[in-house]
Each structure stands twice: as structure tokens, then as C-alpha cells.
file target-v2.csv (CSV, C-alpha atoms)
chain,number,residue,atom,x,y,z
M,1,MET,CA,53.1,77.9,125.1
M,2,ASP,CA,56.8,78.4,125.4
M,3,VAL,CA,58.2,76.1,128.0
M,4,HIS,CA,60.7,78.7,129.1
M,5,ALA,CA,58.2,81.6,129.4
M,6,LYS,CA,58.1,82.7,133.1
M,7,VAL,CA,54.4,83.2,133.4
M,8,LEU,CA,53.1,80.9,136.1
M,9,LEU,CA,52.3,82.3,139.5
M,10,ILE,CA,54.0,80.5,142.5
M,11,SER,CA,50.7,78.9,143.5
M,12,VAL,CA,50.1,77.5,140.1
M,13,ALA,CA,53.7,76.2,139.7
M,14,ALA,CA,53.6,74.7,143.2
M,15,GLN,CA,50.3,72.9,142.4
M,16,LEU,CA,51.7,71.6,139.1
M,17,ALA,CA,54.9,70.4,140.8
M,18,GLY,CA,52.9,68.9,143.7
M,19,MET,CA,54.7,71.1,146.3
M,20,HIS,CA,53.8,73.7,148.8
M,21,PRO,CA,54.6,77.3,147.7
M,22,GLN,CA,56.9,77.7,150.6
M,23,THR,CA,59.1,74.9,149.2
M,24,LEU,CA,59.4,76.8,146.0
M,25,ARG,CA,60.5,79.9,147.9
M,26,GLN,CA,63.1,77.8,149.8
M,27,TYR,CA,64.4,76.3,146.6
M,28,ASP,CA,64.7,79.8,145.1
M,29,ARG,CA,66.7,81.0,148.1
M,30,MET,CA,69.0,77.9,147.7
M,31,GLY,CA,69.5,78.6,144.0
M,32,LEU,CA,68.0,75.3,142.9
M,33,VAL,CA,65.5,77.0,140.7
M,34,GLU,CA,65.5,80.6,139.4
M,35,PRO,CA,62.1,82.0,138.8
M,36,GLY,CA,61.5,85.2,136.9
M,37,ARG,CA,60.0,88.3,138.7
M,38,SER,CA,56.9,90.3,137.9
M,39,ALA,CA,57.0,94.1,138.0
M,40,GLY,CA,55.7,93.9,141.5
M,41,GLY,CA,58.4,91.4,142.6
M,42,GLY,CA,56.3,88.2,142.6
M,43,ARG,CA,57.9,85.0,141.5
M,44,ARG,CA,57.0,83.7,138.0
M,45,TYR,CA,57.8,80.2,136.9
M,46,SER,CA,58.0,78.4,133.5
M,47,LEU,CA,56.9,74.9,132.6
M,48,ARG,CA,60.6,74.1,132.4
M,49,ASP,CA,60.9,75.3,136.1
M,50,VAL,CA,58.0,73.0,137.0
M,51,GLU,CA,59.8,70.1,135.3
M,52,LEU,CA,63.0,71.0,137.3
M,53,LEU,CA,61.0,71.2,140.6
M,54,ARG,CA,59.6,67.7,139.9
M,55,GLU,CA,63.2,66.4,139.2
M,56,ILE,CA,64.5,68.0,142.4
M,57,GLN,CA,61.7,66.3,144.4
M,58,ARG,CA,62.4,62.9,142.7
M,59,LEU,CA,66.1,63.1,143.4
M,60,SER,CA,65.7,64.2,147.0
M,61,GLN,CA,62.8,61.9,148.0
M,62,GLU,CA,63.2,58.8,145.8
M,63,GLU,CA,66.9,58.8,145.4
M,64,GLY,CA,67.8,60.2,148.8
M,65,VAL,CA,70.1,62.9,147.4
M,66,SER,CA,70.7,65.9,149.7
M,67,LEU,CA,69.6,69.3,148.4
M,68,ALA,CA,73.2,70.3,148.2
M,69,GLY,CA,73.8,67.2,146.1
M,70,VAL,CA,70.8,68.0,143.9
M,71,LYS,CA,72.2,71.5,143.3
M,72,ARG,CA,75.5,70.0,142.3
M,73,ILE,CA,73.7,67.6,139.9
M,74,ILE,CA,71.7,70.5,138.4
M,75,ASP,CA,74.8,72.6,138.0
M,76,LEU,CA,76.7,69.8,136.3
M,77,GLU,CA,73.8,69.0,133.9
M,78,GLN,CA,73.7,72.7,133.0
M,79,LEU,CA,77.5,72.7,132.4
M,80,VAL,CA,77.2,69.6,130.2
M,81,LEU,CA,74.4,71.2,128.1
M,82,GLU,CA,76.6,74.4,127.6
M,83,LEU,CA,79.6,72.3,126.6
M,84,ARG,CA,77.5,70.3,124.1
M,85,GLU,CA,76.3,73.6,122.6
M,86,ARG,CA,79.9,74.9,122.4
M,87,LEU,CA,81.1,71.7,120.8
M,88,GLU,CA,78.3,71.7,118.3
M,89,HIS,CA,79.1,75.3,117.4
M,90,ALA,CA,82.8,74.5,117.0
M,91,GLN,CA,81.9,71.5,114.8
M,92,GLN,CA,79.8,73.8,112.6
M,93,GLN,CA,82.6,76.3,112.3
M,94,LEU,CA,85.1,73.5,111.4
M,95,ALA,CA,82.7,72.1,108.7
M,96,TYR,CA,82.3,75.6,107.3
M,97,ALA,CA,86.1,76.2,107.2
M,98,GLU,CA,86.6,72.8,105.5
M,99,ARG,CA,83.9,73.6,102.9
M,100,ARG,CA,85.4,77.1,102.3
M,101,LEU,CA,88.9,75.6,101.9
M,102,ALA,CA,87.6,73.1,99.4
M,103,GLN,CA,85.9,75.9,97.4
M,104,LEU,CA,89.1,78.0,97.4
M,105,GLU,CA,91.2,75.0,96.3
M,106,THR,CA,88.9,74.5,93.2
M,107,ILE,CA,89.3,78.1,92.1
M,108,SER,CA,93.0,78.6,92.9
M,109,ALA,CA,95.5,78.8,90.0
M,110,PHE,CA,98.1,77.3,92.3
M,111,PRO,CA,96.4,74.8,94.6
M,112,ARG,CA,98.1,74.4,98.0
M,113,THR,CA,98.4,70.6,98.0
M,114,ASP,CA,101.3,71.0,100.5
M,115,LEU,CA,98.7,71.8,103.1
M,116,LEU,CA,97.2,68.4,102.8
M,117,PRO,CA,98.8,65.2,104.0
M,118,SER,CA,100.7,63.4,101.3
M,119,THR,CA,101.2,59.7,101.1
M,120,ARG,CA,104.1,60.0,98.6
M,121,THR,CA,107.6,59.4,100.1
M,122,SER,CA,110.9,60.3,98.6
M,123,THR,CA,114.4,58.9,99.1
M,124,ALA,CA,116.0,61.9,97.3
M,125,LEU,CA,119.1,63.3,99.0
M,126,VAL,CA,119.7,67.1,98.8
M,127,VAL,CA,123.2,68.4,99.4
M,128,TRP,CA,123.5,72.0,100.4
M,129,ARG,CA,126.6,74.0,100.4
M,130,PRO,CA,126.7,77.6,101.5
M,131,ARG,CA,128.0,80.1,99.0
M,132,SER,CA,131.4,81.4,99.6
M,133,ALA,CA,131.8,84.9,100.8
M,134,GLU,CA,133.9,85.8,97.6
M,135,GLY,CA,131.2,84.8,95.2

call {"tool": "encode", "arguments": {"input": "target-v2.csv", "output": "C-alpha cells"}}
result
Amino acid sequence: MDVHAKVLLISVAAQLAGMHPQTLRQYDRMGLVEPGRSAGGGRRYSLRDVELLREIQRLSQEEGVSLAGVKRIIDLEQLVLELRERLEHAQQQLAYAERRLAQLETISAFPRTDLLPSTRTSTALVVWRPRSAEG
């Protein structure tokens, strides 16, 4: 079963989480958990929602965190997850670009070595004089 599938009735989710169904309704109103809705409007929960409900209960009862604090923790954890996904995507894009550049360098008649850092140093002095207007 997909842990994100919103298929559990509120009574089943409440039983699995060890809570009263009214508590789940309250948490829904507070935005702590977001159940899906059936065609008739009934709440439907996923196994992931049940895990989240258990974590909410643990934080509030065992750790003494207020429900507002729990909501903030959940929001921050979600933000961290989204940022990790964005970072992973950016790293994949960078790796692709680096591989593509390496491929292009191998087939180019005139490799662009000037794009890569060089360890060679030069002490040459170049003197530049503008051309005269007469010339």
C-alpha cells in the first residue's frame, strides 16, 4: 500500500494513531495534518498522516511542545525536505552540465582551455600603443 494514499477513514486513522477522531478534526482545522477528502466530503488519511499524527502526539505530550510549536516544527521539516530536493536537483543539473562540457571539449577542433583555471603564470610584459590618427 502506498504510504501517501489518502484512503483511511477518520475512525481507522484515529485508532491507528491512538487518538480520538475529534482530535484529528481539530488538528485538521489547525493545519497540523491535511487529510484528503472523499467525494462526500469525509476526511481520508494516509499511513504517512498517521505517522505524522503520532509524531504530533509525541512532541506535544512527551516533549511538552505547544501545538503552535509543533506546527512550526512540521513546517520547518517540510521546508528542509523541499530544500534538500531542490539541492539534489541542482547538483544533478550541475553534474550533467559538467559531463556535457567534457563531451564537447573532446570533440571540439579548438578546445576552450581558457575556460578552465590555469596554473601557468607568465611574467611577460605587453606594451600597447594606440595607432596614430594619421596611419

call {"tool": "residues_near_point", "arguments": {"input": "target-v2.csv", "point": "(52.6, 66.4, 136.7)", "cutoff": "9 Å", "atoms": "only C-alpha atoms", "output": "PyMOL selection string"}}
result
chain M and resi 15-18+50-51+54

call {"tool": "write_last_selection", "arguments": {"input": "target-v2.csv", "atoms": "C-alpha atoms", "output": "PDB file, in the frame of the given file"}}
result
ATOM      1  CA  GLN M  15      50.300  72.900 142.400  1.00  0.00           C
ATOM      2  CA  LEU M  16      51.700  71.600 139.100  1.00  0.00           C
ATOM      3  CA  ALA M  17      54.900  70.400 140.800  1.00  0.00           C
ATOM      4  CA  GLY M  18      52.900  68.900 143.700  1.00  0.00           C
ATOM      5  CA  VAL M  50      58.000  73.000 137.000  1.00  0.00           C
ATOM      6  CA  GLU M  51      59.800  70.100 135.300  1.00  0.00           C
ATOM      7  CA  ARG M  54      59.600  67.700 139.900  1.00  0.00           C
TER       8      ARG M  54
END

call {"tool": "atom_distance", "arguments": {"input": "target-v2.csv", "atom1": "CA of Ala90 (chain M)", "atom2": "CA of Ile73 (chain M)"}}
result
25.6 Å

call {"tool": "closest_residue", "arguments": {"input": "target-v2.csv", "among": "M:Leu67, M:Arg72, M:Gly36, M:Tyr45", "to": "Pro21 (chain M)", "atoms": "only C-alpha atoms"}}
result
M:Tyr45

call {"tool": "atom_distance", "arguments": {"input": "target-v2.csv", "atom1": "CA of Arg99 (chain M)", "atom2": "CA of Leu81 (chain M)"}}
result
27.0 Å

call {"tool": "residues_around", "arguments": {"input": "target-v2.csv", "residues": "Leu53 (chain M)", "least_positions_apart": "5", "cutoff": "9 Å", "atoms": "all atoms listed in the file", "output": "PDB file with C-alpha atoms, in the frame of the given file"}}
result
ATOM      1  CA  ALA M  13      53.700  76.200 139.700  1.00  0.00           C
ATOM      2  CA  ALA M  14      53.600  74.700 143.200  1.00  0.00           C
ATOM      3  CA  ALA M  17      54.900  70.400 140.800  1.00  0.00           C
ATOM      4  CA  GLY M  18      52.900  68.900 143.700  1.00  0.00           C
ATOM      5  CA  MET M  19      54.700  71.100 146.300  1.00  0.00           C
ATOM      6  CA  LEU M  24      59.400  76.800 146.000  1.00  0.00           C
ATOM      7  CA  TYR M  27      64.400  76.300 146.600  1.00  0.00           C
ATOM      8  CA  LEU M  32      68.000  75.300 142.900  1.00  0.00           C
ATOM      9  CA  VAL M  33      65.500  77.000 140.700  1.00  0.00           C
ATOM     10  CA  ARG M  48      60.600  74.100 132.400  1.00  0.00           C
ATOM     11  CA  ARG M  58      62.400  62.900 142.700  1.00  0.00           C
TER      12      ARG M  58
END

call {"tool": "build_atoms", "arguments": {"input": "target-v2.csv", "residues": "region 27-53 of chain M", "atoms": "N, CA, C and O atoms", "output": "PDB file, in the coordinates of the input"}}
result
ATOM      1  N   TYR M  27      63.576  76.715 147.662  1.00  0.00           N
ATOM      2  CA  TYR M  27      64.400  76.300 146.600  1.00  0.00           C
ATOM      3  C   TYR M  27      64.987  77.489 145.803  1.00  0.00           C
ATOM      4  O   TYR M  27      66.119  77.449 145.316  1.00  0.00           O
ATOM      5  N   ASP M  28      64.202  78.560 145.712  1.00  0.00           N
ATOM      6  CA  ASP M  28      64.700  79.800 145.100  1.00  0.00           C
ATOM      7  C   ASP M  28      65.835  80.368 145.897  1.00  0.00           C
ATOM      8  O   ASP M  28      66.878  80.723 145.351  1.00  0.00           O
ATOM      9  N   ARG M  29      65.680  80.435 147.205  1.00  0.00           N
ATOM     10  CA  ARG M  29      66.700  81.000 148.100  1.00  0.00           C
ATOM     11  C   ARG M  29      68.019  80.131 147.985  1.00  0.00           C
ATOM     12  O   ARG M  29      69.124  80.658 148.064  1.00  0.00           O
ATOM     13  N   MET M  30      67.849  78.832 147.808  1.00  0.00           N
ATOM     14  CA  MET M  30      69.000  77.900 147.700  1.00  0.00           C
ATOM     15  C   MET M  30      69.644  77.933 146.329  1.00  0.00           C
ATOM     16  O   MET M  30      70.714  77.368 146.139  1.00  0.00           O
ATOM     17  N   GLY M  31      68.966  78.532 145.371  1.00  0.00           N
ATOM     18  CA  GLY M  31      69.500  78.600 144.000  1.00  0.00           C
ATOM     19  C   GLY M  31      69.209  77.312 143.206  1.00  0.00           C
ATOM     20  O   GLY M  31      69.824  77.100 142.160  1.00  0.00           O
ATOM     21  N   LEU M  32      68.291  76.484 143.675  1.00  0.00           N
ATOM     22  CA  LEU M  32      68.000  75.300 142.900  1.00  0.00           C
ATOM     23  C   LEU M  32      67.107  75.570 141.707  1.00  0.00           C
ATOM     24  O   LEU M  32      67.164  74.858 140.708  1.00  0.00           O
ATOM     25  N   VAL M  33      66.304  76.602 141.799  1.00  0.00           N
ATOM     26  CA  VAL M  33      65.500  77.000 140.700  1.00  0.00           C
ATOM     27  C   VAL M  33      65.503  78.560 140.675  1.00  0.00           C
ATOM     28  O   VAL M  33      65.636  79.187 141.728  1.00  0.00           O
ATOM     29  N   GLU M  34      65.455  79.132 139.493  1.00  0.00           N
ATOM     30  CA  GLU M  34      65.500  80.600 139.400  1.00  0.00           C
ATOM     31  C   GLU M  34      64.302  81.129 138.661  1.00  0.00           C
ATOM     32  O   GLU M  34      64.273  81.240 137.435  1.00  0.00           O
ATOM     33  N   PRO M  35      63.275  81.470 139.422  1.00  0.00           N
ATOM     34  CA  PRO M  35      62.100  82.000 138.800  1.00  0.00           C
ATOM     35  C   PRO M  35      62.318  83.439 138.299  1.00  0.00           C
ATOM     36  O   PRO M  35      63.235  84.123 138.764  1.00  0.00           O
ATOM     37  N   GLY M  36      61.475  83.852 137.364  1.00  0.00           N
ATOM     38  CA  GLY M  36      61.500  85.200 136.900  1.00  0.00           C
ATOM     39  C   GLY M  36      60.760  86.074 137.977  1.00  0.00           C
ATOM     40  O   GLY M  36      60.235  85.541 138.962  1.00  0.00           O
ATOM     41  N   ARG M  37      60.728  87.351 137.768  1.00  0.00           N
ATOM     42  CA  ARG M  37      60.000  88.300 138.700  1.00  0.00           C
ATOM     43  C   ARG M  37      59.061  89.132 137.892  1.00  0.00           C
ATOM     44  O   ARG M  37      59.392  89.596 136.807  1.00  0.00           O
ATOM     45  N   SER M  38      57.889  89.349 138.485  1.00  0.00           N
ATOM     46  CA  SER M  38      56.900  90.300 137.900  1.00  0.00           C
ATOM     47  C   SER M  38      57.350  91.695 138.243  1.00  0.00           C
ATOM     48  O   SER M  38      58.270  91.901 139.040  1.00  0.00           O
ATOM     49  N   ALA M  39      56.666  92.675 137.675  1.00  0.00           N
ATOM     50  CA  ALA M  39      57.000  94.100 138.000  1.00  0.00           C
ATOM     51  C   ALA M  39      56.831  94.359 139.462  1.00  0.00           C
ATOM     52  O   ALA M  39      57.568  95.163 140.025  1.00  0.00           O
ATOM     53  N   GLY M  40      55.907  93.683 140.109  1.00  0.00           N
ATOM     54  CA  GLY M  40      55.700  93.900 141.500  1.00  0.00           C
ATOM     55  C   GLY M  40      56.612  93.035 142.416  1.00  0.00           C
ATOM     56  O   GLY M  40      56.549  93.099 143.645  1.00  0.00           O
ATOM     57  N   GLY M  41      57.462  92.210 141.813  1.00  0.00           N
ATOM     58  CA  GLY M  41      58.400  91.400 142.600  1.00  0.00           C
ATOM     59  C   GLY M  41      57.993  89.968 142.818  1.00  0.00           C
ATOM     60  O   GLY M  41      58.738  89.189 143.408  1.00  0.00           O
ATOM     61  N   GLY M  42      56.782  89.599 142.401  1.00  0.00           N
ATOM     62  CA  GLY M  42      56.300  88.200 142.600  1.00  0.00           C
ATOM     63  C   GLY M  42      57.058  87.246 141.712  1.00  0.00           C
ATOM     64  O   GLY M  42      57.478  87.575 140.606  1.00  0.00           O
ATOM     65  N   ARG M  43      57.214  86.053 142.216  1.00  0.00           N
ATOM     66  CA  ARG M  43      57.900  85.000 141.500  1.00  0.00           C
ATOM     67  C   ARG M  43      57.037  84.511 140.309  1.00  0.00           C
ATOM     68  O   ARG M  43      55.847  84.306 140.472  1.00  0.00           O
ATOM     69  N   ARG M  44      57.672  84.266 139.175  1.00  0.00           N
ATOM     70  CA  ARG M  44      57.000  83.700 138.000  1.00  0.00           C
ATOM     71  C   ARG M  44      57.817  82.510 137.524  1.00  0.00           C
ATOM     72  O   ARG M  44      59.031  82.598 137.365  1.00  0.00           O
ATOM     73  N   TYR M  45      57.139  81.401 137.297  1.00  0.00           N
ATOM     74  CA  TYR M  45      57.800  80.200 136.900  1.00  0.00           C
ATOM     75  C   TYR M  45      57.393  79.754 135.497  1.00  0.00           C
ATOM     76  O   TYR M  45      56.329  80.103 135.011  1.00  0.00           O
ATOM     77  N   SER M  46      58.270  78.995 134.858  1.00  0.00           N
ATOM     78  CA  SER M  46      58.000  78.400 133.500  1.00  0.00           C
ATOM     79  C   SER M  46      57.638  76.971 133.671  1.00  0.00           C
ATOM     80  O   SER M  46      57.834  76.368 134.735  1.00  0.00           O
ATOM     81  N   LEU M  47      57.154  76.386 132.586  1.00  0.00           N
ATOM     82  CA  LEU M  47      56.900  74.900 132.600  1.00  0.00           C
ATOM     83  C   LEU M  47      58.205  74.178 132.763  1.00  0.00           C
ATOM     84  O   LEU M  47      58.228  73.113 133.395  1.00  0.00           O
ATOM     85  N   ARG M  48      59.284  74.708 132.235  1.00  0.00           N
ATOM     86  CA  ARG M  48      60.600  74.100 132.400  1.00  0.00           C
ATOM     87  C   ARG M  48      60.981  74.102 133.907  1.00  0.00           C
ATOM     88  O   ARG M  48      61.541  73.139 134.423  1.00  0.00           O
ATOM     89  N   ASP M  49      60.672  75.212 134.603  1.00  0.00           N
ATOM     90  CA  ASP M  49      60.900  75.300 136.100  1.00  0.00           C
ATOM     91  C   ASP M  49      60.126  74.217 136.789  1.00  0.00           C
ATOM     92  O   ASP M  49      60.634  73.599 137.731  1.00  0.00           O
ATOM     93  N   VAL M  50      58.882  74.005 136.370  1.00  0.00           N
ATOM     94  CA  VAL M  50      58.000  73.000 137.000  1.00  0.00           C
ATOM     95  C   VAL M  50      58.657  71.604 136.809  1.00  0.00           C
ATOM     96  O   VAL M  50      58.715  70.794 137.746  1.00  0.00           O
ATOM     97  N   GLU M  51      59.158  71.328 135.606  1.00  0.00           N
ATOM     98  CA  GLU M  51      59.800  70.100 135.300  1.00  0.00           C
ATOM     99  C   GLU M  51      61.052  69.905 136.268  1.00  0.00           C
ATOM    100  O   GLU M  51      61.307  68.831 136.817  1.00  0.00           O
ATOM    101  N   LEU M  52      61.805  70.988 136.419  1.00  0.00           N
ATOM    102  CA  LEU M  52      63.000  71.000 137.300  1.00  0.00           C
ATOM    103  C   LEU M  52      62.583  70.735 138.736  1.00  0.00           C
ATOM    104  O   LEU M  52      63.234  69.966 139.450  1.00  0.00           O
ATOM    105  N   LEU M  53      61.504  71.362 139.176  1.00  0.00           N
ATOM    106  CA  LEU M  53      61.000  71.200 140.600  1.00  0.00           C
ATOM    107  C   LEU M  53      60.645  69.690 140.785  1.00  0.00           C
ATOM    108  O   LEU M  53      60.958  69.122 141.833  1.00  0.00           O
TER     109      LEU M  53
END
